[in-house]
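Peer 1: If it helps, the file is called coords33.txt and holds compact mmCIF, C-alpha atoms:
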# COMPACT_ATOMS: atom_id res chain seq x y z
CA MET A 613 25.65 15.97 1.86
CA ASN A 614 28.35 13.42 1.10
CA PRO A 615 26.70 10.96 -1.34
CA ARG A 616 28.18 7.98 0.47
CA PHE A 617 26.60 9.20 3.70
CA THR A 618 23.26 9.64 1.92
CA SER A 619 23.45 6.09 0.53
CA LEU A 620 24.43 4.51 3.83
CA GLY A 621 21.78 6.51 5.70
CA SER A 622 19.05 5.52 3.21
CA PHE A 623 19.92 1.85 3.54
CA ALA A 624 20.11 2.04 7.35
CA ALA A 625 16.73 3.84 7.43
CA GLY A 626 15.13 1.05 5.35
CA LEU A 627 16.66 -1.63 7.58
CA LEU A 628 15.53 0.11 10.77
CA PHE A 629 12.06 0.76 9.34
CA GLY A 630 11.76 -2.93 8.44
CA VAL A 631 12.77 -4.07 11.94
CA GLY A 632 10.24 -1.63 13.38
CA LEU A 633 7.49 -3.06 11.16
CA MET A 634 8.30 -6.59 12.31
CA LEU A 635 8.43 -5.71 16.04
CA GLY A 636 5.21 -3.74 15.62
CA GLY A 637 3.33 -6.80 14.36
CA MET A 638 2.84 -5.39 10.86
CA LEU A 639 4.08 -8.64 9.26
CA ASP A 640 1.24 -10.59 10.87
CA PRO A 641 -1.86 -10.07 8.71
CA ALA A 642 -4.07 -11.41 11.52
CA ARG A 643 -3.03 -8.36 13.60
CA ILE A 644 -3.88 -5.94 10.78
CA ILE A 645 -7.27 -7.56 10.30
CA GLY A 646 -7.76 -7.59 14.09
CA PHE A 647 -6.97 -3.86 14.18
CA LEU A 648 -9.61 -3.24 11.51
CA SER A 649 -12.22 -5.38 13.32
CA PHE A 650 -13.97 -2.61 15.19
CA ALA A 651 -17.19 -4.62 15.09
CA GLY A 652 -15.63 -7.80 16.52
CA THR A 653 -12.73 -8.42 18.91
CA TRP A 654 -10.61 -5.33 18.36
CA ASP A 655 -6.81 -5.78 18.54
CA PRO A 656 -5.34 -2.33 19.36
CA THR A 657 -1.66 -3.33 18.87
CA LEU A 658 -1.15 -1.27 15.72
CA GLY A 659 -2.37 1.79 17.56
CA PHE A 660 0.76 1.44 19.73
CA VAL A 661 2.92 1.42 16.59
CA MET A 662 1.38 4.74 15.58
CA ALA A 663 1.70 6.02 19.17
CA GLY A 664 5.42 5.22 19.09
CA ALA A 665 6.17 6.45 15.57
CA ILE A 666 4.23 9.70 15.28
CA PRO A 667 5.63 11.64 18.29
CA VAL A 668 9.18 10.50 17.49
CA HIS A 669 8.90 11.57 13.87
CA ALA A 670 7.13 14.80 14.83
CA LEU A 671 10.13 15.56 17.06
CA GLY A 672 12.44 14.64 14.17
CA ARG A 673 10.58 17.02 11.86
CA TYR A 674 10.90 19.72 14.51
CA LEU A 675 14.66 19.17 14.81
CA LEU A 676 14.99 19.29 11.00
CA ARG A 677 12.73 22.35 10.66
CA GLY A 678 13.79 24.86 8.06
CA ARG A 679 15.01 22.11 5.72
CA SER A 680 13.09 21.76 2.47
CA VAL A 681 11.13 18.51 2.29
CA LEU A 682 10.32 16.61 -0.90
CA CYS A 683 7.84 13.80 -1.40
CA SER A 684 9.32 10.30 -1.62
CA ASP A 685 9.27 10.54 -5.42
CA GLY A 686 11.15 13.86 -5.41
CA GLN A 687 8.15 16.13 -6.06
CA PRO A 688 7.75 19.14 -3.77
CA ALA A 689 5.55 18.41 -0.74
CA THR A 690 3.29 21.40 -0.37
CA ALA A 691 1.92 21.54 3.12
CA ALA A 692 -1.65 22.73 2.53
CA ARG A 693 -3.19 20.97 -0.45
CA ARG A 694 -6.88 20.39 -0.64
CA VAL A 695 -8.66 17.11 -0.13
CA ASP A 696 -9.95 15.92 -3.52
CA GLY A 697 -11.91 13.03 -4.98
CA ARG A 698 -8.74 11.31 -6.10
CA LEU A 699 -7.41 11.20 -2.52
CA VAL A 700 -10.71 9.84 -1.18
CA LEU A 701 -11.16 7.24 -3.96
CA GLY A 702 -7.53 6.10 -3.55
CA SER A 703 -7.96 5.83 0.21
CA VAL A 704 -11.15 3.76 -0.17
CA LEU A 705 -9.39 1.34 -2.55
CA PHE A 706 -6.29 1.20 -0.34
CA GLY A 707 -8.34 0.51 2.79
CA ALA A 708 -10.37 -2.19 1.04
CA GLY A 709 -7.20 -3.90 -0.22
CA TRP A 710 -5.55 -3.58 3.20
CA GLY A 711 -8.57 -5.21 4.85
CA LEU A 712 -8.67 -8.00 2.25
CA SER A 713 -4.96 -8.86 2.36
CA GLY A 714 -3.68 -7.65 5.74
CA TYR A 715 -0.60 -6.20 4.00
CA CYS A 716 0.39 -2.65 3.11
CA PRO A 717 3.41 -1.82 0.90
CA GLY A 718 6.17 -1.71 3.57
CA PRO A 719 5.38 -5.09 5.14
CA MET A 720 4.95 -6.56 1.64
CA ILE A 721 8.56 -5.63 0.80
CA VAL A 722 9.78 -7.11 4.12
CA ALA A 723 7.80 -10.29 3.37
CA LEU A 724 9.48 -10.47 -0.06
CA GLY A 725 12.85 -10.48 1.72
CA ALA A 726 11.67 -13.09 4.23
CA ALA A 727 10.16 -15.54 1.75
CA PRO A 728 10.89 -14.48 -1.85
CA TRP A 729 9.11 -17.33 -3.63
CA LEU A 730 5.97 -17.25 -1.50
CA ALA A 731 5.72 -13.46 -1.71
CA LEU A 732 6.54 -13.02 -5.39
CA ALA A 733 3.01 -13.17 -6.87
CA PRO A 734 1.38 -10.83 -4.32
CA PHE A 735 4.37 -8.47 -4.68
CA VAL A 736 3.87 -8.37 -8.47
CA ALA A 737 0.14 -7.69 -7.90
CA LEU A 738 1.14 -4.73 -5.69
CA LEU A 739 3.53 -3.40 -8.37
CA ALA A 740 0.83 -3.74 -11.06
CA GLY A 741 -1.54 -1.76 -8.87
CA LEU A 742 1.06 0.95 -8.18
CA ALA A 743 1.76 1.35 -11.91
CA LEU A 744 -1.80 1.18 -13.26
CA PRO A 745 -3.06 4.70 -12.48
CA ARG A 746 0.10 6.20 -13.99
CA LEU A 747 -0.70 4.52 -17.32
CA PHE A 748 -3.99 6.42 -17.53
CA GLU A 749 -2.84 9.79 -16.39
CA ARG A 750 0.11 11.95 -17.14
CA LEU A 751 -1.38 14.80 -15.16
CA PRO A 752 0.41 16.70 -12.42
CA THR A 753 -0.46 14.80 -9.26
CA SER A 754 -1.74 16.00 -5.92
CA ARG A 755 0.51 15.42 -2.93
CA SER A 756 0.18 14.05 0.57
CA MET B 999 -9.64 -6.48 23.47
CA MET B 1000 -7.02 -9.15 23.04
CA ILE B 1001 -3.55 -7.87 23.69
CA GLU B 1002 -0.79 -9.09 25.95
CA PRO B 1003 1.57 -6.57 27.61
CA SER B 1004 4.63 -7.76 25.69
CA ALA B 1005 2.83 -7.22 22.37
CA TRP B 1006 2.00 -3.58 23.03
CA LEU B 1007 5.44 -2.82 24.46
CA LEU B 1008 7.06 -4.35 21.37
CA ALA B 1009 4.62 -2.46 19.14
CA LEU B 1010 5.53 0.79 20.88
CA LEU B 1011 9.24 0.00 20.44
CA GLY B 1012 8.64 -0.92 16.79
CA GLY B 1013 6.85 2.40 16.33
CA VAL B 1014 9.76 4.32 17.88
CA LEU B 1015 12.19 2.58 15.47
CA ILE B 1016 9.90 3.49 12.55
CA GLY B 1017 9.82 7.12 13.70
CA VAL B 1018 13.64 7.19 14.00
CA ALA B 1019 14.00 5.52 10.57
CA ALA B 1020 11.67 8.02 8.87
CA THR B 1021 13.61 10.87 10.50
CA LEU B 1022 16.98 9.43 9.42
CA PHE B 1023 15.74 9.10 5.83
CA LEU B 1024 14.46 12.68 5.87
CA ALA B 1025 17.76 13.91 7.35
CA VAL B 1026 19.98 12.27 4.73
CA THR B 1027 17.79 12.69 1.61
CA GLY B 1028 15.39 15.58 2.34
CA ARG B 1029 12.55 13.26 1.33
CA VAL B 1030 9.52 11.81 3.07
CA ALA B 1031 9.84 8.08 3.80
CA GLY B 1032 6.66 7.16 1.93
CA ILE B 1033 7.15 3.54 1.01
CA SER B 1034 4.65 3.25 -1.86
CA GLY B 1035 6.32 6.21 -3.59
CA LEU B 1036 9.82 4.85 -2.93
CA LEU B 1037 8.87 1.41 -4.26
CA ARG B 1038 7.25 2.89 -7.37
CA ALA B 1039 10.30 5.08 -7.97
CA THR B 1040 12.67 2.11 -7.52
CA VAL B 1041 10.85 -0.22 -9.89
CA PHE B 1042 9.48 2.15 -12.53
CA GLU B 1043 11.49 5.36 -12.46
CA THR B 1044 15.06 5.43 -11.18
CA GLY B 1045 16.23 2.09 -12.54
CA LEU B 1046 18.97 0.17 -10.78
CA ARG B 1047 21.41 2.97 -9.98
CA LEU B 1048 22.21 3.48 -6.30
CA HIS B 1049 19.38 5.90 -5.66
CA PRO B 1050 18.25 6.54 -2.04
CA ALA B 1051 14.85 4.99 -2.93
CA LEU B 1052 16.51 1.75 -4.08
CA LEU B 1053 18.72 1.63 -0.98
CA PHE B 1054 15.79 2.19 1.37
CA VAL B 1055 13.82 -0.60 -0.35
CA ALA B 1056 16.92 -2.83 -0.16
CA GLY B 1057 17.09 -2.12 3.59
CA LEU B 1058 13.48 -3.29 4.00
CA LEU B 1059 14.25 -6.47 2.02
CA ILE B 1060 17.34 -7.23 4.13
CA ALA B 1061 15.27 -6.63 7.29
CA GLY B 1062 12.95 -9.38 6.02
CA VAL B 1063 15.85 -11.74 5.26
CA LEU B 1064 17.30 -11.24 8.77
CA GLY B 1065 13.89 -11.21 10.47
CA ARG B 1066 12.95 -14.55 8.99
CA TRP B 1067 15.82 -16.05 11.02
CA LEU B 1068 16.05 -13.77 14.04
CA LEU B 1069 12.40 -12.79 14.64
CA PRO B 1070 10.37 -15.68 13.19
CA SER B 1071 7.56 -15.32 15.75
CA PHE B 1072 6.63 -11.92 14.28
CA PHE B 1073 5.40 -13.33 10.99
CA GLY B 1074 2.08 -14.86 12.02
CA VAL B 1075 1.18 -18.18 10.46
CA ALA B 1076 3.26 -17.69 7.29
CA PRO B 1077 6.29 -15.50 6.45
CA ALA B 1078 4.51 -14.10 3.38
CA PRO B 1079 0.96 -13.75 2.05
CA PRO B 1080 -0.62 -17.11 1.21
CA LEU B 1081 -1.46 -17.30 -2.48
CA SER B 1082 -5.15 -16.67 -3.06
CA LEU B 1083 -7.37 -14.51 -5.24
CA ARG B 1084 -8.24 -12.47 -2.15
CA MET B 1085 -4.54 -11.81 -1.47
CA LEU B 1086 -3.68 -10.91 -5.07
CA GLY B 1087 -6.77 -8.74 -5.49
CA GLY B 1088 -6.16 -7.09 -2.12
CA LEU B 1089 -2.56 -6.16 -2.90
CA PHE B 1090 -3.52 -4.92 -6.37
CA LEU B 1091 -6.08 -2.59 -4.73
CA VAL B 1092 -3.46 -1.50 -2.17
CA GLY B 1093 -1.20 -0.49 -5.07
CA VAL B 1094 -3.87 1.37 -7.07
CA GLY B 1095 -5.12 3.10 -3.94
CA ALA B 1096 -1.64 4.15 -2.77
CA THR B 1097 -0.85 5.71 -6.16
CA LEU B 1098 -4.20 7.55 -6.40
CA ALA B 1099 -3.99 8.74 -2.78
CA ASN B 1100 -0.28 9.62 -3.18
CA GLY B 1101 0.70 7.68 -0.11
CA CYS B 1102 0.17 4.62 2.03
CA THR B 1103 0.34 3.78 5.71
CA SER B 1104 3.90 5.18 5.99
CA GLY B 1105 3.59 8.38 3.95
CA HIS B 1106 0.15 9.41 5.22
CA GLY B 1107 0.01 7.46 8.49
CA ILE B 1108 3.46 8.20 9.93
CA CYS B 1109 4.91 11.14 8.00
CA GLY B 1110 1.65 12.98 7.22
CA LEU B 1111 0.10 12.62 10.66
CA SER B 1112 3.39 13.74 12.26
CA ARG B 1113 2.89 17.14 10.67
CA LEU B 1114 -0.93 17.12 10.99
CA SER B 1115 -1.48 17.22 7.22
CA LYS B 1116 -5.19 17.60 6.51
CA ARG B 1117 -4.94 15.30 3.47
CA SER B 1118 -3.22 12.62 5.55
CA LEU B 1119 -5.82 12.84 8.32
CA VAL B 1120 -8.56 12.29 5.72
CA ALA B 1121 -6.58 9.48 4.04
CA ILE B 1122 -6.01 7.59 7.31
CA GLY B 1123 -9.65 8.00 8.38
CA VAL B 1124 -10.87 6.66 5.03
CA PHE B 1125 -8.24 3.81 4.96
CA MET B 1126 -9.44 2.58 8.33
CA LEU B 1127 -13.14 3.00 7.62
CA ALA B 1128 -12.95 1.18 4.26
CA GLY B 1129 -10.73 -1.52 5.80
CA ALA B 1130 -13.13 -2.00 8.73
CA LEU B 1131 -16.12 -2.30 6.35
CA VAL B 1132 -14.33 -4.91 4.23
CA VAL B 1133 -13.23 -6.89 7.29
CA SER B 1134 -16.80 -6.92 8.69
CA ALA B 1135 -18.19 -7.91 5.29
CA MET B 1136 -15.66 -10.75 4.98
CA SER B 1137 -16.41 -12.06 8.48
CA ALA B 1138 -20.16 -11.85 7.78
CA LEU B 1139 -19.69 -13.87 4.58
CA ALA B 1140 -17.34 -16.43 6.14
Will you turn the file into structure tokens for me?
Peer 2:
Amino acid sequence: MNPRFTSLGSFAAGLLFGVGLMLGGMLDPARIIGFLSFAGTWDPTLGFVMAGAIPVHALGRYLLRGRSVLCSDGQPATAARRVDGRLVLGSVLFGAGWGLSGYCPGPMIVALGAAPWLALAPFVALLAGLALPRLFERLPTSRS
Amino acid sequence: MMIEPSAWLLALLGGVLIGVAATLFLAVTGRVAGISGLLRATVFETGLRLHPALLFVAGLLIAGVLGRWLLPSFFGVAPAPPLSLRMLGGLFLVGVGATLANGCTSGHGICGLSRLSKRSLVAIGVFMLAGALVVSAMSALA
């Protein structure tokens, strides 16, 4: 594909994704915490984000079927990989951090654009967390 | 349940835009739009050349810049996380967890669930369970 087209498309995808996150309420940590409050007053809004995104992307995957798909970091995405301890441990830590902060990585980047000085320290904490496991392991990684 | 009709309609629309964006990224790069992986690649791997990962992350940043002015009501009480130990610790755990699990809410939640990946189904179930436990524990302590 024309590299200019790839670049423009990647930027447009990020912009569109960011607008979708904002409209979906993902920049409001109270909504995230409300969505995770199954025991209290549950706020189902984020379920509607998933309900909008998943069928649309499933259709997109169907239309692009036959194309090879790589993980975001360029590693091959093998469809059937087993569930391992690393996936479960990572998911527990991710969920705990998501519940504590109300932010996941996408909304954190959008927040950095919206208020760079306010968001800088939490953004650096996110980057430190993303980098840390890679310092301890140079093993081939399992894929989503 | 506390939800007003406009909020769920907007959330559905936001979700559709996210689904279109993930499809556009896949179409032009052949890669999954997993944001934790793209952010890690941008900051630690590809450097500052005009890589698709960098451009996607730049698009998210510009969305925030524009949203701050055009969609201010979507940011809750503050446009960014308030500075606290809970916030810093929470985002650090989000980062460690996303790297270990090889994906976050976008890669597992949107892209993985769209193709019914078994690993993504497990990841999303565990994300939500662990998040719900932490939220209940925090509200019990508060």
Peer 1: Between B:Gly1095, B:Pro1050, B:Gly1028, B:Gly1105, which has the minimum distance to Arg679 in chain A (counting only C-alpha atoms)?
Peer 2: B:Gly1028
Peer 1: Check the smallest atom-to-atom distance from each of A:Gly718, A:Ser680, A:Gly697, A:Asp655 to Ile1016 in chain B using all atoms listed in the file, then report the winner.
Peer 2: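 Comparing A:Gly718, A:Ser680, A:Gly697, A:Asp655 against Ile1016 in chain B, the winner is A:Gly718.
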Peer 1: Can you list, as a CSV table (one decimal) with C-alpha atoms, in the frame of the given file, every protein, DNA or RNA residue that comes within 9 Å of range 1111-1117 of chain B when you count only C-alpha atoms, leaving out same-chain residues fewer than 5 positions away?
Peer 2:
chain,number,residue,atom,x,y,z
A,665,ALA,CA,6.2,6.4,15.6
A,666,ILE,CA,4.2,9.7,15.3
A,667,PRO,CA,5.6,11.6,18.3
A,668,VAL,CA,9.2,10.5,17.5
A,669,HIS,CA,8.9,11.6,13.9
A,670,ALA,CA,7.1,14.8,14.8
A,671,LEU,CA,10.1,15.6,17.1
A,673,ARG,CA,10.6,17.0,11.9
A,691,ALA,CA,1.9,21.5,3.1
A,692,ALA,CA,-1.6,22.7,2.5
A,693,ARG,CA,-3.2,21.0,-0.4
A,694,ARG,CA,-6.9,20.4,-0.6
A,695,VAL,CA,-8.7,17.1,-0.1
A,696,ASP,CA,-10.0,15.9,-3.5
A,699,LEU,CA,-7.4,11.2,-2.5
A,755,ARG,CA,0.5,15.4,-2.9
A,756,SER,CA,0.2,14.0,0.6
B,1105,GLY,CA,3.6,8.4,4.0
B,1106,HIS,CA,0.2,9.4,5.2
B,1122,ILE,CA,-6.0,7.6,7.3
Peer 1: Taking only C-alpha atoms into account, name the residue in A:Pro719, A:Gly741, A:Gly714, A:Pro641 that is nearest to chain B.
Peer 2: A:Gly741
Peer 1: For each of B:Gly1062, B:Leu1069, B:Leu1024, B:Met1136, take the minimum atom-to-atom distance to chain A, counting only C-alpha atoms, then give the residue where this is smallest.
Peer 2: B:Gly1062
Peer 1: Quick one: distance from CA of Leu620 in chain A to CA of Gly686 in chain A in Å, one decimal?
Peer 2: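 These two atoms are separated by 18.7 Å.
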Peer 1: Which residue gives the smallest distance to Gly1032 in chain B among B:Leu1048, B:Met1085, B:Ala1099, B:Val1014, with only C-alpha atoms counted?
Peer 2: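 With only C-alpha atoms as the atom set, the closest residue is B:Ala1099.
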Peer 1: Give me, please, the distance in Å between CA of Ala663 in chain A and CA of Pro734 in chain A, quoted to one decimal.
Peer 2: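 Calculated distance between CA of Ala663 in chain A and CA of Pro734 in chain A is 28.9 Å.
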Peer 1: Tell me which of B:Leu1059, B:Trp1067, B:Arg1047, B:Ser1137 sits closest to chain A, counting only C-alpha atoms.
Peer 2: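 Under the stated criterion, the closest residue is B:Leu1059.
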Peer 1: If I take CA of Ala1078 in chain B and CA of Ser649 in chain A, how far is one from the other in Å, to one decimal?
Peer 2: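 CA of Ser649 in chain A lies 21.3 Å from CA of Ala1078 in chain B.
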Peer 1: Env of Arg643 in chain A: 10 Å cut, atoms = only C-alpha atoms, seq-sep filter 3 positions within chain, self excluded. Answer as a list in words.
Peer 2: Gly636, Gly637, Met638, Leu639, Asp640, Gly646, Phe647, Leu648, Ser649, Trp654, Asp655, Pro656, Thr657, Leu658 and Gly714 of chain A; Gly1074 of chain B
Peer 1: What's the 12 Å shell around range 720-731 of chain A, counting all atoms listed in the file, without same-chain residues fewer than 6 positions away, as number ranges by chain?
Peer 2: A: 626-634, 638-641, 710, 713-714, 737-739; B: 1033-1034, 1036-1038, 1052, 1054-1070, 1072-1074, 1076-1082, 1085-1086, 1088-1090, 1092-1093
Peer 1: So which residues touch Ala1128 in chain B within 12 Å, counting all atoms listed in the file, skipping near sequence neighbours fewer than 3 positions away, as a PyMOL selection string?
Peer 2: (chain A and resi 648-650+700-712) or (chain B and resi 1091-1092+1095+1121-1125+1131-1135)
Peer 1: May I ask you to restore N, CA and C atoms in range 656-683 of chain A and write the result as a JSON list (two decimals), keeping the file's coordinate frame?
Peer 2:
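Final output, saved to part.json:
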[["chain", "number", "residue", "atom", "x", "y", "z"],
["A", 656, "PRO", "N", -5.86, -3.70, 19.49],
["A", 656, "PRO", "CA", -5.34, -2.33, 19.36],
["A", 656, "PRO", "C", -3.82, -2.24, 19.12],
["A", 657, "THR", "N", -3.13, -3.38, 18.94],
["A", 657, "THR", "CA", -1.66, -3.33, 18.87],
["A", 657, "THR", "C", -1.13, -2.27, 17.90],
["A", 658, "LEU", "N", -1.71, -2.19, 16.71],
["A", 658, "LEU", "CA", -1.15, -1.27, 15.72],
["A", 658, "LEU", "C", -1.30, 0.18, 16.14],
["A", 659, "GLY", "N", -2.25, 0.45, 17.01],
["A", 659, "GLY", "CA", -2.37, 1.79, 17.56],
["A", 659, "GLY", "C", -1.11, 2.16, 18.34],
["A", 660, "PHE", "N", -0.48, 1.18, 19.00],
["A", 660, "PHE", "CA", 0.76, 1.44, 19.73],
["A", 660, "PHE", "C", 1.92, 1.73, 18.78],
["A", 661, "VAL", "N", 1.89, 1.11, 17.59],
["A", 661, "VAL", "CA", 2.92, 1.42, 16.59],
["A", 661, "VAL", "C", 2.82, 2.89, 16.21],
["A", 662, "MET", "N", 1.59, 3.33, 15.93],
["A", 662, "MET", "CA", 1.38, 4.74, 15.58],
["A", 662, "MET", "C", 1.78, 5.64, 16.76],
["A", 663, "ALA", "N", 1.41, 5.22, 17.97],
["A", 663, "ALA", "CA", 1.70, 6.02, 19.17],
["A", 663, "ALA", "C", 3.20, 6.14, 19.41],
["A", 664, "GLY", "N", 3.97, 5.13, 18.97],
["A", 664, "GLY", "CA", 5.42, 5.22, 19.09],
["A", 664, "GLY", "C", 6.02, 6.06, 17.97],
["A", 665, "ALA", "N", 5.52, 5.85, 16.75],
["A", 665, "ALA", "CA", 6.17, 6.45, 15.57],
["A", 665, "ALA", "C", 5.88, 7.94, 15.44],
["A", 666, "ILE", "N", 4.63, 8.33, 15.63],
["A", 666, "ILE", "CA", 4.23, 9.70, 15.28],
["A", 666, "ILE", "C", 4.92, 10.75, 16.16],
["A", 667, "PRO", "N", 4.93, 10.62, 17.50],
["A", 667, "PRO", "CA", 5.63, 11.64, 18.29],
["A", 667, "PRO", "C", 7.12, 11.69, 18.00],
["A", 668, "VAL", "N", 7.74, 10.53, 17.78],
["A", 668, "VAL", "CA", 9.18, 10.50, 17.49],
["A", 668, "VAL", "C", 9.47, 11.22, 16.17],
["A", 669, "HIS", "N", 8.65, 10.93, 15.16],
["A", 669, "HIS", "CA", 8.90, 11.57, 13.87],
["A", 669, "HIS", "C", 8.51, 13.05, 13.90],
["A", 670, "ALA", "N", 7.48, 13.38, 14.69],
["A", 670, "ALA", "CA", 7.13, 14.80, 14.83],
["A", 670, "ALA", "C", 8.30, 15.57, 15.45],
["A", 671, "LEU", "N", 8.95, 14.95, 16.46],
["A", 671, "LEU", "CA", 10.13, 15.56, 17.06],
["A", 671, "LEU", "C", 11.26, 15.68, 16.03],
["A", 672, "GLY", "N", 11.43, 14.62, 15.22],
["A", 672, "GLY", "CA", 12.44, 14.64, 14.17],
["A", 672, "GLY", "C", 12.19, 15.77, 13.18],
["A", 673, "ARG", "N", 10.93, 15.93, 12.79],
["A", 673, "ARG", "CA", 10.58, 17.02, 11.86],
["A", 673, "ARG", "C", 10.90, 18.37, 12.50],
["A", 674, "TYR", "N", 10.63, 18.46, 13.81],
["A", 674, "TYR", "CA", 10.90, 19.72, 14.51],
["A", 674, "TYR", "C", 12.40, 20.02, 14.50],
["A", 675, "LEU", "N", 13.21, 18.97, 14.79],
["A", 675, "LEU", "CA", 14.66, 19.17, 14.81],
["A", 675, "LEU", "C", 15.20, 19.52, 13.41],
["A", 676, "LEU", "N", 14.53, 19.02, 12.37],
["A", 676, "LEU", "CA", 14.99, 19.29, 11.00],
["A", 676, "LEU", "C", 14.23, 20.46, 10.38],
["A", 677, "ARG", "N", 13.56, 21.26, 11.20],
["A", 677, "ARG", "CA", 12.73, 22.35, 10.66],
["A", 677, "ARG", "C", 13.62, 23.32, 9.87],
["A", 678, "GLY", "N", 13.02, 23.94, 8.88],
["A", 678, "GLY", "CA", 13.79, 24.86, 8.06],
["A", 678, "GLY", "C", 14.41, 24.18, 6.85],
["A", 679, "ARG", "N", 14.52, 22.85, 6.89],
["A", 679, "ARG", "CA", 15.01, 22.11, 5.72],
["A", 679, "ARG", "C", 13.85, 21.95, 4.73],
["A", 680, "SER", "N", 14.16, 21.99, 3.44],
["A", 680, "SER", "CA", 13.09, 21.76, 2.47],
["A", 680, "SER", "C", 12.81, 20.26, 2.42],
["A", 681, "VAL", "N", 11.54, 19.92, 2.27],
["A", 681, "VAL", "CA", 11.13, 18.51, 2.29],
["A", 681, "VAL", "C", 10.46, 18.17, 0.97],
["A", 682, "LEU", "N", 10.93, 17.09, 0.34],
["A", 682, "LEU", "CA", 10.32, 16.61, -0.90],
["A", 682, "LEU", "C", 9.51, 15.35, -0.60],
["A", 683, "CYS", "N", 8.54, 15.07, -1.49],
["A", 683, "CYS", "CA", 7.84, 13.80, -1.40],
["A", 683, "CYS", "C", 8.82, 12.67, -1.72]]
